[in-house]
file query-v3.tsv (TSV, C-alpha atoms)
chain	number	residue	atom	x	y	z
A	982	MET	CA	0.00	0.00	0.00
A	983	ILE	CA	2.65	2.48	1.07
A	984	ILE	CA	4.75	1.40	-1.90
A	985	MET	CA	1.92	2.21	-4.33
A	986	THR	CA	1.29	5.62	-2.77
A	987	THR	CA	4.98	6.46	-2.82
A	988	LEU	CA	5.19	5.38	-6.45
A	989	GLU	CA	2.21	7.56	-7.39
A	990	ILE	CA	3.64	10.58	-5.61
A	991	PHE	CA	6.96	9.86	-7.30
A	992	LEU	CA	5.42	9.79	-10.80
A	993	ILE	CA	3.47	13.03	-10.27
A	994	ALA	CA	6.67	14.62	-8.96
A	995	ILE	CA	8.58	13.59	-12.09
A	996	THR	CA	5.91	15.28	-14.23
A	997	ALA	CA	6.10	18.41	-12.08
A	998	GLY	CA	9.88	18.43	-12.44
A	999	ILE	CA	9.70	18.17	-16.23
A	1000	VAL	CA	7.07	20.91	-16.57
A	1001	GLY	CA	8.71	23.19	-14.00
A	1002	SER	CA	12.19	22.95	-15.47
A	1003	ILE	CA	11.00	23.63	-19.04
A	1004	LEU	CA	8.93	26.66	-18.03
A	1005	GLY	CA	11.26	28.07	-15.37
A	1006	LEU	CA	8.59	27.65	-12.69
A	1007	GLY	CA	8.71	25.92	-9.35
A	1008	GLY	CA	6.10	23.29	-10.08
A	1009	GLY	CA	4.14	24.10	-6.92
A	1010	ILE	CA	1.16	24.58	-9.20
A	1011	ILE	CA	1.16	20.78	-9.67
A	1012	ILE	CA	2.64	19.52	-6.39
A	1013	VAL	CA	0.46	21.37	-3.89
A	1014	PRO	CA	-2.98	20.46	-5.35
A	1015	ALA	CA	-1.83	16.88	-6.06
A	1016	LEU	CA	-0.65	16.28	-2.50
A	1017	THR	CA	-3.61	17.93	-0.80
A	1018	LEU	CA	-6.43	16.74	-3.08
A	1019	LEU	CA	-5.22	13.28	-4.16
A	1020	PHE	CA	-3.30	12.17	-1.10
A	1021	GLY	CA	-5.00	14.09	1.70
A	1022	VAL	CA	-1.74	15.69	2.84
A	1023	SER	CA	-2.18	18.82	4.99
A	1024	MET	CA	-1.65	22.18	3.32
A	1025	ARG	CA	1.36	23.00	5.53
A	1026	THR	CA	3.14	19.77	4.70
A	1027	ALA	CA	2.31	20.11	1.00
A	1028	VAL	CA	3.61	23.67	0.76
A	1029	ALA	CA	6.79	22.73	2.66
A	1030	ALA	CA	7.42	19.75	0.34
A	1031	SER	CA	6.70	21.93	-2.68
A	1032	THR	CA	9.12	24.63	-1.51
A	1033	VAL	CA	11.95	22.13	-1.11
A	1034	SER	CA	11.05	20.66	-4.51
A	1035	ILE	CA	11.50	24.10	-6.13
A	1036	ILE	CA	15.17	23.81	-5.13
A	1037	ALA	CA	15.24	20.39	-6.80
A	1038	THR	CA	13.77	21.77	-10.04
A	1039	SER	CA	16.26	24.60	-10.04
A	1040	THR	CA	19.35	22.58	-9.13
A	1041	GLY	CA	18.57	19.61	-11.35
A	1042	ALA	CA	17.93	21.64	-14.50
A	1043	ALA	CA	20.53	24.37	-13.96
A	1044	VAL	CA	23.45	22.04	-14.64
A	1045	ALA	CA	22.32	21.58	-18.26
A	1046	TYR	CA	21.29	25.23	-18.67
A	1047	LEU	CA	24.65	26.49	-17.40
A	1048	HIS	CA	26.50	24.21	-19.82
A	1049	ASP	CA	24.49	25.61	-22.73
A	1050	ARG	CA	24.91	29.16	-21.35
A	1051	LEU	CA	21.12	29.47	-21.35
A	1052	SER	CA	21.08	30.71	-17.76
A	1053	ASN	CA	22.56	34.19	-17.62
A	1054	VAL	CA	24.47	34.21	-14.32
A	1055	ARG	CA	25.06	37.98	-14.29
A	1056	VAL	CA	21.42	38.83	-14.93
A	1057	ALA	CA	20.46	36.26	-12.28
A	1058	MET	CA	22.73	37.81	-9.62
A	1059	TRP	CA	21.49	41.32	-10.45
A	1060	LEU	CA	17.85	40.29	-10.19
A	1061	GLU	CA	18.31	38.05	-7.14
A	1062	MET	CA	19.04	41.21	-5.17
A	1063	GLY	CA	15.49	42.24	-5.97
A	1064	THR	CA	13.86	38.90	-5.12
A	1065	ALA	CA	15.86	38.39	-1.92
A	1066	THR	CA	15.27	41.88	-0.48
A	1067	GLY	CA	11.65	41.74	-1.69
A	1068	ALA	CA	11.04	38.45	0.09
A	1069	LEU	CA	12.47	39.95	3.25
A	1070	THR	CA	10.19	42.99	2.96
A	1071	GLY	CA	7.23	40.69	2.31
A	1072	ALA	CA	7.95	38.77	5.49
A	1073	LEU	CA	8.28	42.02	7.46
A	1074	VAL	CA	5.03	43.66	6.30
A	1075	ALA	CA	2.99	40.44	6.10
A	1076	GLY	CA	0.69	41.33	8.98
A	1077	TYR	CA	-0.05	44.88	7.84
A	1078	ILE	CA	-1.18	44.43	4.27
A	1079	SER	CA	-4.48	43.35	2.76
A	1080	GLN	CA	-3.91	40.00	1.06
A	1081	ARG	CA	-7.13	40.44	-0.90
A	1082	LEU	CA	-5.94	43.56	-2.62
A	1083	LEU	CA	-2.57	41.99	-3.37
A	1084	PHE	CA	-4.12	38.89	-4.91
A	1085	ILE	CA	-6.27	41.03	-7.20
A	1086	LEU	CA	-3.41	43.38	-8.05
A	1087	PHE	CA	-0.88	40.66	-8.85
A	1088	GLY	CA	-3.56	38.63	-10.60
A	1089	ALA	CA	-4.33	41.56	-12.89
A	1090	LEU	CA	-0.61	42.04	-13.52
A	1091	LEU	CA	-0.26	38.40	-14.52
A	1092	ALA	CA	-3.32	38.59	-16.78
A	1093	TYR	CA	-1.75	41.58	-18.51
A	1094	SER	CA	1.58	39.80	-19.05
A	1095	GLY	CA	-0.32	36.76	-20.27
A	1096	TYR	CA	-2.00	38.97	-22.85
A	1097	ASN	CA	1.35	40.47	-23.92
A	1098	MET	CA	2.86	37.03	-24.15
A	1099	PHE	CA	-0.01	35.94	-26.36
A	1100	LYS	CA	0.63	38.88	-28.69
A	1101	SER	CA	4.29	37.90	-29.12
A	1102	ARG	CA	3.55	34.16	-29.37
A	1103	LYS	CA	5.00	33.81	-32.88
A	1104	ALA	CA	8.38	35.41	-32.20
A	1105	GLU	CA	11.16	32.84	-31.75
A	1106	LEU	CA	13.67	35.50	-30.68
A	1107	PRO	CA	13.27	39.16	-29.72
A	1108	GLY	CA	14.09	41.67	-32.46
A	1109	GLU	CA	16.80	44.30	-32.16
A	1110	VAL	CA	17.24	45.27	-28.49
A	1111	VAL	CA	19.14	48.40	-27.48
A	1112	PRO	CA	20.82	47.87	-24.09
A	1113	ASP	CA	20.34	50.50	-21.39
A	1114	ARG	CA	23.23	52.15	-19.56
A	1115	ILE	CA	23.16	49.82	-16.58
A	1116	SER	CA	23.02	46.74	-18.76
A	1117	LYS	CA	26.18	47.96	-20.54
A	1118	ARG	CA	27.89	48.91	-17.29
A	1119	LEU	CA	27.08	45.53	-15.68
A	1120	ASN	CA	27.85	43.66	-18.85
A	1121	LEU	CA	24.55	41.77	-18.82
A	1122	ALA	CA	24.47	40.84	-22.51
A	1123	GLY	CA	25.02	37.19	-23.31
A	1124	SER	CA	25.06	34.51	-25.93
A	1125	TYR	CA	24.12	30.86	-26.07
A	1126	TYR	CA	24.21	28.04	-28.54
A	1127	ASP	CA	20.67	27.19	-29.59
A	1128	GLN	CA	20.45	23.45	-30.24
A	1129	LEU	CA	17.24	23.87	-32.22
A	1130	LEU	CA	18.32	26.78	-34.43
A	1131	ARG	CA	21.81	25.26	-34.64
A	1132	ARG	CA	23.55	28.57	-34.22
A	1133	ARG	CA	24.89	30.93	-31.64
A	1134	VAL	CA	22.39	33.51	-30.45
A	1135	ASP	CA	23.80	36.83	-29.21
A	1136	TYR	CA	21.43	38.98	-27.23
A	1137	GLN	CA	21.23	42.28	-25.38
A	1138	VAL	CA	19.43	43.09	-22.15
A	1139	THR	CA	17.52	46.30	-21.55
A	1140	ARG	CA	15.45	48.07	-18.85
A	1141	SER	CA	17.59	46.67	-16.04
A	1142	ILE	CA	16.09	48.90	-13.33
A	1143	PRO	CA	12.40	48.20	-14.11
A	1144	GLY	CA	13.36	44.50	-14.19
A	1145	LEU	CA	14.94	44.77	-10.75
A	1146	ILE	CA	11.89	46.60	-9.36
A	1147	ILE	CA	9.52	43.92	-10.68
A	1148	MET	CA	11.72	41.26	-9.07
A	1149	TYR	CA	11.52	43.12	-5.80
A	1150	PHE	CA	7.73	43.02	-5.89
A	1151	SER	CA	7.66	39.43	-7.11
A	1152	GLY	CA	9.89	38.51	-4.17
A	1153	ALA	CA	7.55	40.33	-1.81
A	1154	ALA	CA	4.55	38.58	-3.39
A	1155	ALA	CA	6.21	35.21	-2.93
A	1156	GLY	CA	6.72	36.03	0.75
A	1157	LEU	CA	3.20	37.43	1.23
A	1158	LEU	CA	1.06	35.17	-0.92
A	1159	GLY	CA	3.17	32.04	-1.10
A	1160	ILE	CA	3.02	31.98	-4.89
A	1161	GLY	CA	5.07	32.96	-7.84
A	1162	ALA	CA	8.47	31.35	-7.70
A	1163	GLY	CA	8.91	31.83	-11.41
A	1164	ILE	CA	5.63	33.04	-12.82
A	1165	PHE	CA	6.60	36.72	-12.42
A	1166	LYS	CA	10.27	36.26	-13.25
A	1167	VAL	CA	9.79	34.81	-16.72
A	1168	PRO	CA	7.56	37.63	-18.09
A	1169	ALA	CA	9.79	40.27	-16.48
A	1170	MET	CA	12.83	39.00	-18.33
A	1171	ASP	CA	10.94	38.15	-21.51
A	1172	GLN	CA	8.78	41.24	-21.91
A	1173	VAL	CA	10.43	43.98	-19.86
A	1174	MET	CA	14.11	43.19	-20.25
A	1175	ARG	CA	13.55	41.75	-23.74
A	1176	MET	CA	15.69	38.65	-23.28
A	1177	PRO	CA	15.16	35.57	-25.51
A	1178	PHE	CA	12.38	33.37	-24.11
A	1179	LYS	CA	14.57	30.32	-23.51
A	1180	VAL	CA	17.13	32.47	-21.69
A	1181	SER	CA	14.28	33.93	-19.61
A	1182	THR	CA	12.94	30.55	-18.48
A	1183	ALA	CA	16.43	29.10	-17.92
A	1184	THR	CA	17.54	32.15	-15.90
A	1185	SER	CA	14.30	32.07	-13.91
A	1186	ASN	CA	14.93	28.38	-13.25
A	1187	PHE	CA	18.45	29.21	-12.06
A	1188	MET	CA	17.12	31.91	-9.69
A	1189	ILE	CA	14.16	30.15	-8.05
A	1190	GLY	CA	16.37	27.79	-6.05
A	1191	VAL	CA	17.80	30.70	-4.08
A	1192	THR	CA	14.40	32.28	-3.48
A	1193	ALA	CA	13.00	28.97	-2.27
A	1194	ALA	CA	15.99	28.20	-0.04
A	1195	SER	CA	15.21	30.87	2.55
A	1196	GLY	CA	11.60	29.71	2.79
A	1197	ALA	CA	12.67	26.08	2.97
A	1198	VAL	CA	15.03	26.73	5.89
A	1199	VAL	CA	12.12	28.17	7.85
A	1200	TYR	CA	9.86	25.18	7.04
A	1201	PHE	CA	12.64	22.87	8.16
A	1202	ALA	CA	13.05	24.75	11.42
A	1203	ARG	CA	9.30	24.50	12.09
A	1204	GLY	CA	9.30	20.77	11.35
A	1205	ASP	CA	6.91	21.07	8.40
A	1206	VAL	CA	9.19	19.13	6.07
A	1207	LYS	CA	8.02	15.51	6.48
A	1208	PRO	CA	10.72	13.17	5.11
A	1209	LEU	CA	8.26	10.45	4.06
A	1210	ILE	CA	6.31	12.91	1.87
A	1211	ALA	CA	9.02	15.38	0.86
A	1212	GLY	CA	11.54	12.60	0.08
A	1213	PRO	CA	9.68	10.97	-2.84
A	1214	VAL	CA	8.45	14.38	-4.08
A	1215	VAL	CA	11.91	15.90	-4.15
A	1216	LEU	CA	13.63	12.86	-5.68
A	1217	GLY	CA	10.94	12.69	-8.39
A	1218	VAL	CA	11.18	16.39	-9.16
A	1219	LEU	CA	14.98	16.18	-9.30
A	1220	LEU	CA	14.85	13.37	-11.90
A	1221	GLY	CA	12.07	15.15	-13.80
A	1222	ALA	CA	14.15	18.34	-13.93
A	1223	LEU	CA	17.10	16.45	-15.46
A	1224	VAL	CA	14.80	15.15	-18.20
A	1225	GLY	CA	13.02	18.49	-18.65
A	1226	ALA	CA	16.24	20.44	-19.14
A	1227	ARG	CA	17.38	18.06	-21.86
A	1228	LEU	CA	14.04	18.44	-23.63
A	1229	MET	CA	13.91	22.21	-23.27
A	1230	VAL	CA	17.23	22.98	-24.98
A	1231	ARG	CA	15.89	21.28	-28.13
A	1232	MET	CA	12.47	22.95	-28.04
A	1233	ARG	CA	11.23	25.98	-29.94
A	1234	ALA	CA	10.81	29.12	-27.88
A	1235	THR	CA	7.37	29.49	-29.46
A	1236	THR	CA	6.38	26.02	-28.21
A	1237	ILE	CA	7.54	26.76	-24.66
A	1238	ARG	CA	5.66	30.05	-24.79
A	1239	LYS	CA	2.49	28.23	-25.86
A	1240	LEU	CA	2.81	26.00	-22.79
A	1241	PHE	CA	3.46	29.01	-20.57
A	1242	ILE	CA	0.49	31.15	-21.66
A	1243	PRO	CA	-2.32	28.86	-20.35
A	1244	LEU	CA	-0.49	28.49	-17.02
A	1245	ILE	CA	-0.06	32.24	-16.54
A	1246	ILE	CA	-3.73	32.85	-17.44
A	1247	TYR	CA	-4.85	30.07	-15.09
A	1248	THR	CA	-2.74	31.47	-12.23
A	1249	ALA	CA	-4.07	34.99	-12.90
A	1250	ILE	CA	-7.68	33.78	-12.72
A	1251	MET	CA	-7.02	31.75	-9.56
A	1252	MET	CA	-5.39	34.75	-7.87
A	1253	ILE	CA	-8.15	37.19	-8.78
A	1254	TYR	CA	-10.73	34.61	-7.65
A	1255	LYS	CA	-8.91	34.18	-4.33
A	1256	GLY	CA	-8.80	37.95	-3.88
A	1257	ILE	CA	-12.52	38.33	-4.51
A	1258	SER	CA	-13.75	35.30	-2.58
A	1259	GLN	CA	-11.58	35.66	0.52
B	935	MET	CA	30.30	42.27	-26.67
B	936	ASN	CA	29.54	39.65	-24.11
B	937	ARG	CA	32.88	39.80	-22.33
B	938	GLY	CA	31.44	38.39	-19.13
B	939	HIS	CA	30.65	35.06	-20.71
B	940	GLU	CA	33.82	34.35	-22.57
B	941	GLU	CA	36.58	32.09	-21.45
B	942	ASN	CA	39.40	34.50	-20.85
B	943	GLY	CA	42.91	33.13	-20.83
B	944	GLY	CA	42.39	29.68	-19.34
B	945	VAL	CA	40.24	30.89	-16.47
B	946	VAL	CA	37.35	28.52	-15.87
B	947	PRO	CA	34.14	30.45	-16.62
B	948	ILE	CA	31.80	30.98	-13.69
B	949	GLU	CA	29.02	29.00	-15.39
B	950	MET	CA	31.15	25.86	-15.37
B	951	ILE	CA	32.21	26.30	-11.75
B	952	LEU	CA	28.59	26.73	-10.65
B	953	ALA	CA	27.42	23.85	-12.86
B	954	ARG	CA	29.95	21.57	-11.19
B	955	LEU	CA	28.82	22.67	-7.73
B	956	LEU	CA	25.15	22.13	-8.54
B	957	ARG	CA	25.86	18.74	-10.08
B	958	ILE	CA	27.75	17.53	-7.00
B	959	GLY	CA	24.97	18.82	-4.74
B	960	SER	CA	22.19	17.16	-6.71
B	961	ILE	CA	24.01	13.82	-7.05
B	962	ILE	CA	24.72	13.58	-3.31
B	963	ALA	CA	21.13	14.58	-2.53
B	964	ALA	CA	19.71	12.08	-5.03
B	965	ILE	CA	21.81	9.20	-3.62
B	966	LEU	CA	20.80	9.96	-0.03
B	967	LEU	CA	17.13	10.35	-0.98
B	968	ALA	CA	17.06	7.16	-3.07
B	969	ALA	CA	18.82	5.18	-0.34
B	970	GLY	CA	16.44	6.54	2.30
B	971	ILE	CA	13.30	5.83	0.28
B	972	ALA	CA	14.51	2.33	-0.62
B	973	ALA	CA	15.32	1.59	3.03
B	974	MET	CA	11.89	2.85	4.07
B	975	LEU	CA	9.91	0.87	1.50
B	976	LEU	CA	11.86	-2.38	1.39
B	977	VAL	CA	12.86	-2.99	4.99
B	978	GLY	CA	11.12	-0.20	6.93
B	979	ALA	CA	14.44	0.73	8.49
B	980	SER	CA	14.33	3.18	11.38
B	981	PHE	CA	17.20	5.24	9.96
B	982	ALA	CA	15.35	5.83	6.67
B	983	PRO	CA	13.78	9.22	7.58
B	984	GLY	CA	17.21	10.38	8.76
B	985	LEU	CA	18.77	9.53	5.41
B	986	ILE	CA	15.99	11.35	3.55
B	987	THR	CA	16.34	14.41	5.76
B	988	ALA	CA	20.11	14.41	5.13
B	989	GLY	CA	19.39	14.40	1.38
B	990	LEU	CA	16.95	17.28	1.71
B	991	VAL	CA	19.43	19.30	3.78
B	992	VAL	CA	22.18	18.78	1.17
B	993	LEU	CA	19.78	19.95	-1.54
B	994	LEU	CA	18.77	22.96	0.54
B	995	ALA	CA	22.38	23.99	1.12
B	996	THR	CA	23.24	23.81	-2.60
B	997	PRO	CA	21.70	27.12	-3.82
B	998	ILE	CA	23.03	28.96	-0.77
B	999	MET	CA	26.51	27.57	-1.53
B	1000	ARG	CA	25.94	28.64	-5.13
B	1001	VAL	CA	25.55	32.30	-4.13
B	1002	LEU	CA	28.56	32.06	-1.82
B	1003	VAL	CA	30.79	30.48	-4.48
B	1004	ALA	CA	29.61	32.97	-7.12
B	1005	GLY	CA	30.59	35.77	-4.74
B	1006	VAL	CA	34.05	34.28	-4.25
B	1007	VAL	CA	34.56	33.85	-8.02
B	1008	PHE	CA	33.46	37.45	-8.70
B	1009	ALA	CA	35.80	38.70	-5.98
B	1010	LYS	CA	38.69	36.70	-7.44
B	1011	GLU	CA	37.99	38.28	-10.82
B	1012	LYS	CA	37.98	41.68	-9.06
B	1013	ASP	CA	34.38	42.13	-10.19
B	1014	TRP	CA	33.60	43.93	-6.93
B	1015	LEU	CA	30.15	45.11	-7.91
B	1016	PHE	CA	28.90	41.58	-8.54
B	1017	ALA	CA	30.65	40.29	-5.43
B	1018	LEU	CA	28.67	42.95	-3.55
B	1019	PHE	CA	25.43	41.76	-5.20
B	1020	CYS	CA	26.10	38.25	-3.92
B	1021	LEU	CA	26.75	39.62	-0.44
B	1022	VAL	CA	23.43	41.50	-0.48
B	1023	VAL	CA	21.62	38.29	-1.46
B	1024	LEU	CA	23.37	36.26	1.26
B	1025	CYS	CA	22.57	38.87	3.93
B	1026	SER	CA	18.90	39.01	2.89
B	1027	LEU	CA	18.70	35.22	3.00
B	1028	ALA	CA	20.26	35.14	6.46
B	1029	ALA	CA	17.95	37.89	7.72
B	1030	GLY	CA	14.93	36.10	6.29
B	1031	VAL	CA	15.87	32.88	8.04
B	1032	ILE	CA	16.44	34.60	11.40
B	1033	LEU	CA	13.15	36.45	11.04
B	1034	GLY	CA	11.25	33.31	10.02
B	1035	ARG	CA	12.57	31.29	12.94
B	1036	GLY	CA	11.60	33.97	15.36
B	1037	GLU	CA	7.93	33.71	14.43
call {"tool": "encode", "arguments": {"input": "query-v3.tsv", "output": "structure tokens"}}
result
Amino acid sequence: MIIMTTLEIFLIAITAGIVGSILGLGGGIIIVPALTLLFGVSMRTAVAASTVSIIATSTGAAVAYLHDRLSNVRVAMWLEMGTATGALTGALVAGYISQRLLFILFGALLAYSGYNMFKSRKAELPGEVVPDRISKRLNLAGSYYDQLLRRRVDYQVTRSIPGLIIMYFSGAAAGLLGIGAGIFKVPAMDQVMRMPFKVSTATSNFMIGVTAASGAVVYFARGDVKPLIAGPVVLGVLLGALVGARLMVRMRATTIRKLFIPLIIYTAIMMIYKGISQ
Amino acid sequence: MNRGHEENGGVVPIEMILARLLRIGSIIAAILLAAGIAAMLLVGASFAPGLITAGLVVLLATPIMRVLVAGVVFAKEKDWLFALFCLVVLCSLAAGVILGRGE
């Protein structure tokens, strides 16, 4: 009996790892409902397991993305300042802010980026991008070898400060609402900073491990991380992420975008619904 | 363009250093987790949860080590601004953990 359950959790986790690593998301969108609805796990335990599994998605896939230079380490470090300080702010102001309003606000923001993403659904790579001063100063531009296009793609990065500000708020949202490991990061890099879509998801994937780590430490300290649940989830996600990263480097950006759009719209609707119904 | 990503004069690029770190972290974590889960399912060993927890802790430490190592690499390359960025991230992480535990 326990073997069957573990196996089922394991298989769902592998799926979550594949999806999460391709899209640059944490995979909590799959793990949390699966654990609570299918296996009757408590919300606290499910969220704790999901948070640790975000680290697994990130770490497992990043090895491949770093080798292909798809993850931009400099952009990641620049933006992690935003997410890390934002998460800290979120934790500090948590008691003083209306969650309802935030859910609606961030939901609307996601809906808007979903709409923008839909408009640019046919573009494999961004057009000509003129780097801003900070991007030049910090040397954020990059290049990667695209295994699908079979050529080197050089790209520029722009609007570094707006990108950082969005990361700050996305970090705060993650702390306040417990959502959005990657769902805000990908559109910020894709649409605001005008990075290639595959670089955006791979860099988001690289970053989410760090964001999740601080939350995970706290869950550990509180004893919410249950080894018998989190163990199979995390191992499954780790293996799934290895597979997902190998698939992603050979996929079209337009295909990945098509997978991303329904998820961002779904999350936007769920958030607005939560804000209204709470 | 793109000076930050090129392999300059035999220096190992930061991507490769971090990739190696993340690979080691995920392999150790995977082995501990697999061993723990196998021990739990096959023989119901009492040390199984301990093994799994060890795997989870290794995994948890990996991204934090990643920021630390990136900071050291940037400092070695005299890229002080990016070393500072890493420091800011590490301090925020530490503050978040202290704050979270205090709740």
call {"tool": "interface_residues", "arguments": {"input": "query-v3.tsv", "of": "chain B", "to": "chain A", "cutoff": "8 Å", "atoms": "all atoms listed in the file", "output": "PyMOL selection string"}}
result
chain B and resi 935-939+949-950+952-954+956-957+960+964+967-968+971+975+983-984+986-987+990+993-998+1001+1016+1019-1020+1022-1023+1026-1031+1033-1035
call {"tool": "closest_residue", "arguments": {"input": "query-v3.tsv", "among": "A:Gly1007, A:Gly1221, A:Gly1095, A:Gly1144", "to": "Leu1244 (chain A)", "atoms": "only C-alpha atoms"}}
result
A:Gly1095
call {"tool": "closest_residue", "arguments": {"input": "query-v3.tsv", "among": "A:Leu1223, A:Leu1157, A:Ala1057, A:Val1214", "to": "Ser1141 (chain A)", "atoms": "all atoms listed in the file"}}
result
A:Ala1057
call {"tool": "atom_distance", "arguments": {"input": "query-v3.tsv", "atom1": "CA of Glu989 (chain A)", "atom2": "CA of Phe1241 (chain A)"}}
result
25.2 Å
call {"tool": "closest_residue", "arguments": {"input": "query-v3.tsv", "among": "A:Leu1082, A:Ala1183, A:Ala1169, A:Ile1012", "to": "Leu992 (chain A)", "atoms": "only C-alpha atoms"}}
result
A:Ile1012
call {"tool": "residues_around", "arguments": {"input": "query-v3.tsv", "residues": "Gln1128 (chain A)", "least_positions_apart": "6", "cutoff": "12 Å", "atoms": "only C-alpha atoms", "output": "list in words"}}
result
Tyr1046, Asp1049, Arg1050, Leu1051, Val1134, Lys1179, Arg1227, Leu1228, Met1229, Val1230, Arg1231, Met1232, Arg1233 and Ala1234 of chain A
call {"tool": "write_last_selection", "arguments": {"input": "query-v3.tsv", "atoms": "C-alpha atoms", "output": "tab-separated table (two decimals), in the frame of the given file"}}
result
chain	number	residue	atom	x	y	z
A	1046	TYR	CA	21.29	25.23	-18.67
A	1049	ASP	CA	24.49	25.61	-22.73
A	1050	ARG	CA	24.91	29.16	-21.35
A	1051	LEU	CA	21.12	29.47	-21.35
A	1134	VAL	CA	22.39	33.51	-30.45
A	1179	LYS	CA	14.57	30.32	-23.51
A	1227	ARG	CA	17.38	18.06	-21.86
A	1228	LEU	CA	14.04	18.44	-23.63
A	1229	MET	CA	13.91	22.21	-23.27
A	1230	VAL	CA	17.23	22.98	-24.98
A	1231	ARG	CA	15.89	21.28	-28.13
A	1232	MET	CA	12.47	22.95	-28.04
A	1233	ARG	CA	11.23	25.98	-29.94
A	1234	ALA	CA	10.81	29.12	-27.88
call {"tool": "build_atoms", "arguments": {"input": "query-v3.tsv", "residues": "region 971-982 of chain B", "atoms": "N, CA, C and O atoms", "output": "PDB file, in the frame of the given file"}}
result
ATOM      1  N   ILE B 971      14.630   6.299   0.720  1.00  0.00           N
ATOM      2  CA  ILE B 971      13.300   5.830   0.280  1.00  0.00           C
ATOM      3  C   ILE B 971      13.310   4.309   0.124  1.00  0.00           C
ATOM      4  O   ILE B 971      12.378   3.621   0.551  1.00  0.00           O
ATOM      5  N   ALA B 972      14.397   3.787  -0.453  1.00  0.00           N
ATOM      6  CA  ALA B 972      14.510   2.330  -0.620  1.00  0.00           C
ATOM      7  C   ALA B 972      14.496   1.637   0.746  1.00  0.00           C
ATOM      8  O   ALA B 972      13.787   0.651   0.957  1.00  0.00           O
ATOM      9  N   ALA B 973      15.242   2.184   1.695  1.00  0.00           N
ATOM     10  CA  ALA B 973      15.320   1.590   3.030  1.00  0.00           C
ATOM     11  C   ALA B 973      13.947   1.623   3.709  1.00  0.00           C
ATOM     12  O   ALA B 973      13.553   0.688   4.402  1.00  0.00           O
ATOM     13  N   MET B 974      13.210   2.705   3.463  1.00  0.00           N
ATOM     14  CA  MET B 974      11.890   2.850   4.070  1.00  0.00           C
ATOM     15  C   MET B 974      10.906   1.839   3.480  1.00  0.00           C
ATOM     16  O   MET B 974      10.185   1.147   4.203  1.00  0.00           O
ATOM     17  N   LEU B 975      10.911   1.712   2.165  1.00  0.00           N
ATOM     18  CA  LEU B 975       9.910   0.870   1.500  1.00  0.00           C
ATOM     19  C   LEU B 975      10.226  -0.615   1.611  1.00  0.00           C
ATOM     20  O   LEU B 975       9.342  -1.438   1.803  1.00  0.00           O
ATOM     21  N   LEU B 976      11.510  -0.967   1.482  1.00  0.00           N
ATOM     22  CA  LEU B 976      11.860  -2.380   1.390  1.00  0.00           C
ATOM     23  C   LEU B 976      11.984  -3.041   2.759  1.00  0.00           C
ATOM     24  O   LEU B 976      11.502  -4.148   2.955  1.00  0.00           O
ATOM     25  N   VAL B 977      12.646  -2.344   3.694  1.00  0.00           N
ATOM     26  CA  VAL B 977      12.860  -2.990   4.990  1.00  0.00           C
ATOM     27  C   VAL B 977      12.255  -2.199   6.152  1.00  0.00           C
ATOM     28  O   VAL B 977      12.289  -2.650   7.282  1.00  0.00           O
ATOM     29  N   GLY B 978      11.708  -1.022   5.855  1.00  0.00           N
ATOM     30  CA  GLY B 978      11.120  -0.200   6.930  1.00  0.00           C
ATOM     31  C   GLY B 978      12.138   0.187   7.986  1.00  0.00           C
ATOM     32  O   GLY B 978      11.824   0.238   9.173  1.00  0.00           O
ATOM     33  N   ALA B 979      13.359   0.437   7.546  1.00  0.00           N
ATOM     34  CA  ALA B 979      14.440   0.730   8.490  1.00  0.00           C
ATOM     35  C   ALA B 979      14.177   2.020   9.264  1.00  0.00           C
ATOM     36  O   ALA B 979      13.606   2.966   8.727  1.00  0.00           O
ATOM     37  N   SER B 980      14.603   2.025  10.525  1.00  0.00           N
ATOM     38  CA  SER B 980      14.330   3.180  11.380  1.00  0.00           C
ATOM     39  C   SER B 980      15.203   4.381  11.014  1.00  0.00           C
ATOM     40  O   SER B 980      14.885   5.517  11.332  1.00  0.00           O
ATOM     41  N   PHE B 981      16.318   4.118  10.309  1.00  0.00           N
ATOM     42  CA  PHE B 981      17.200   5.240   9.960  1.00  0.00           C
ATOM     43  C   PHE B 981      16.798   5.886   8.638  1.00  0.00           C
ATOM     44  O   PHE B 981      17.391   6.862   8.201  1.00  0.00           O
ATOM     45  N   ALA B 982      15.742   5.322   7.985  1.00  0.00           N
ATOM     46  CA  ALA B 982      15.350   5.830   6.670  1.00  0.00           C
ATOM     47  C   ALA B 982      14.991   7.324   6.664  1.00  0.00           C
ATOM     48  O   ALA B 982      15.498   8.076   5.828  1.00  0.00           O
TER      49      ALA B 982
END
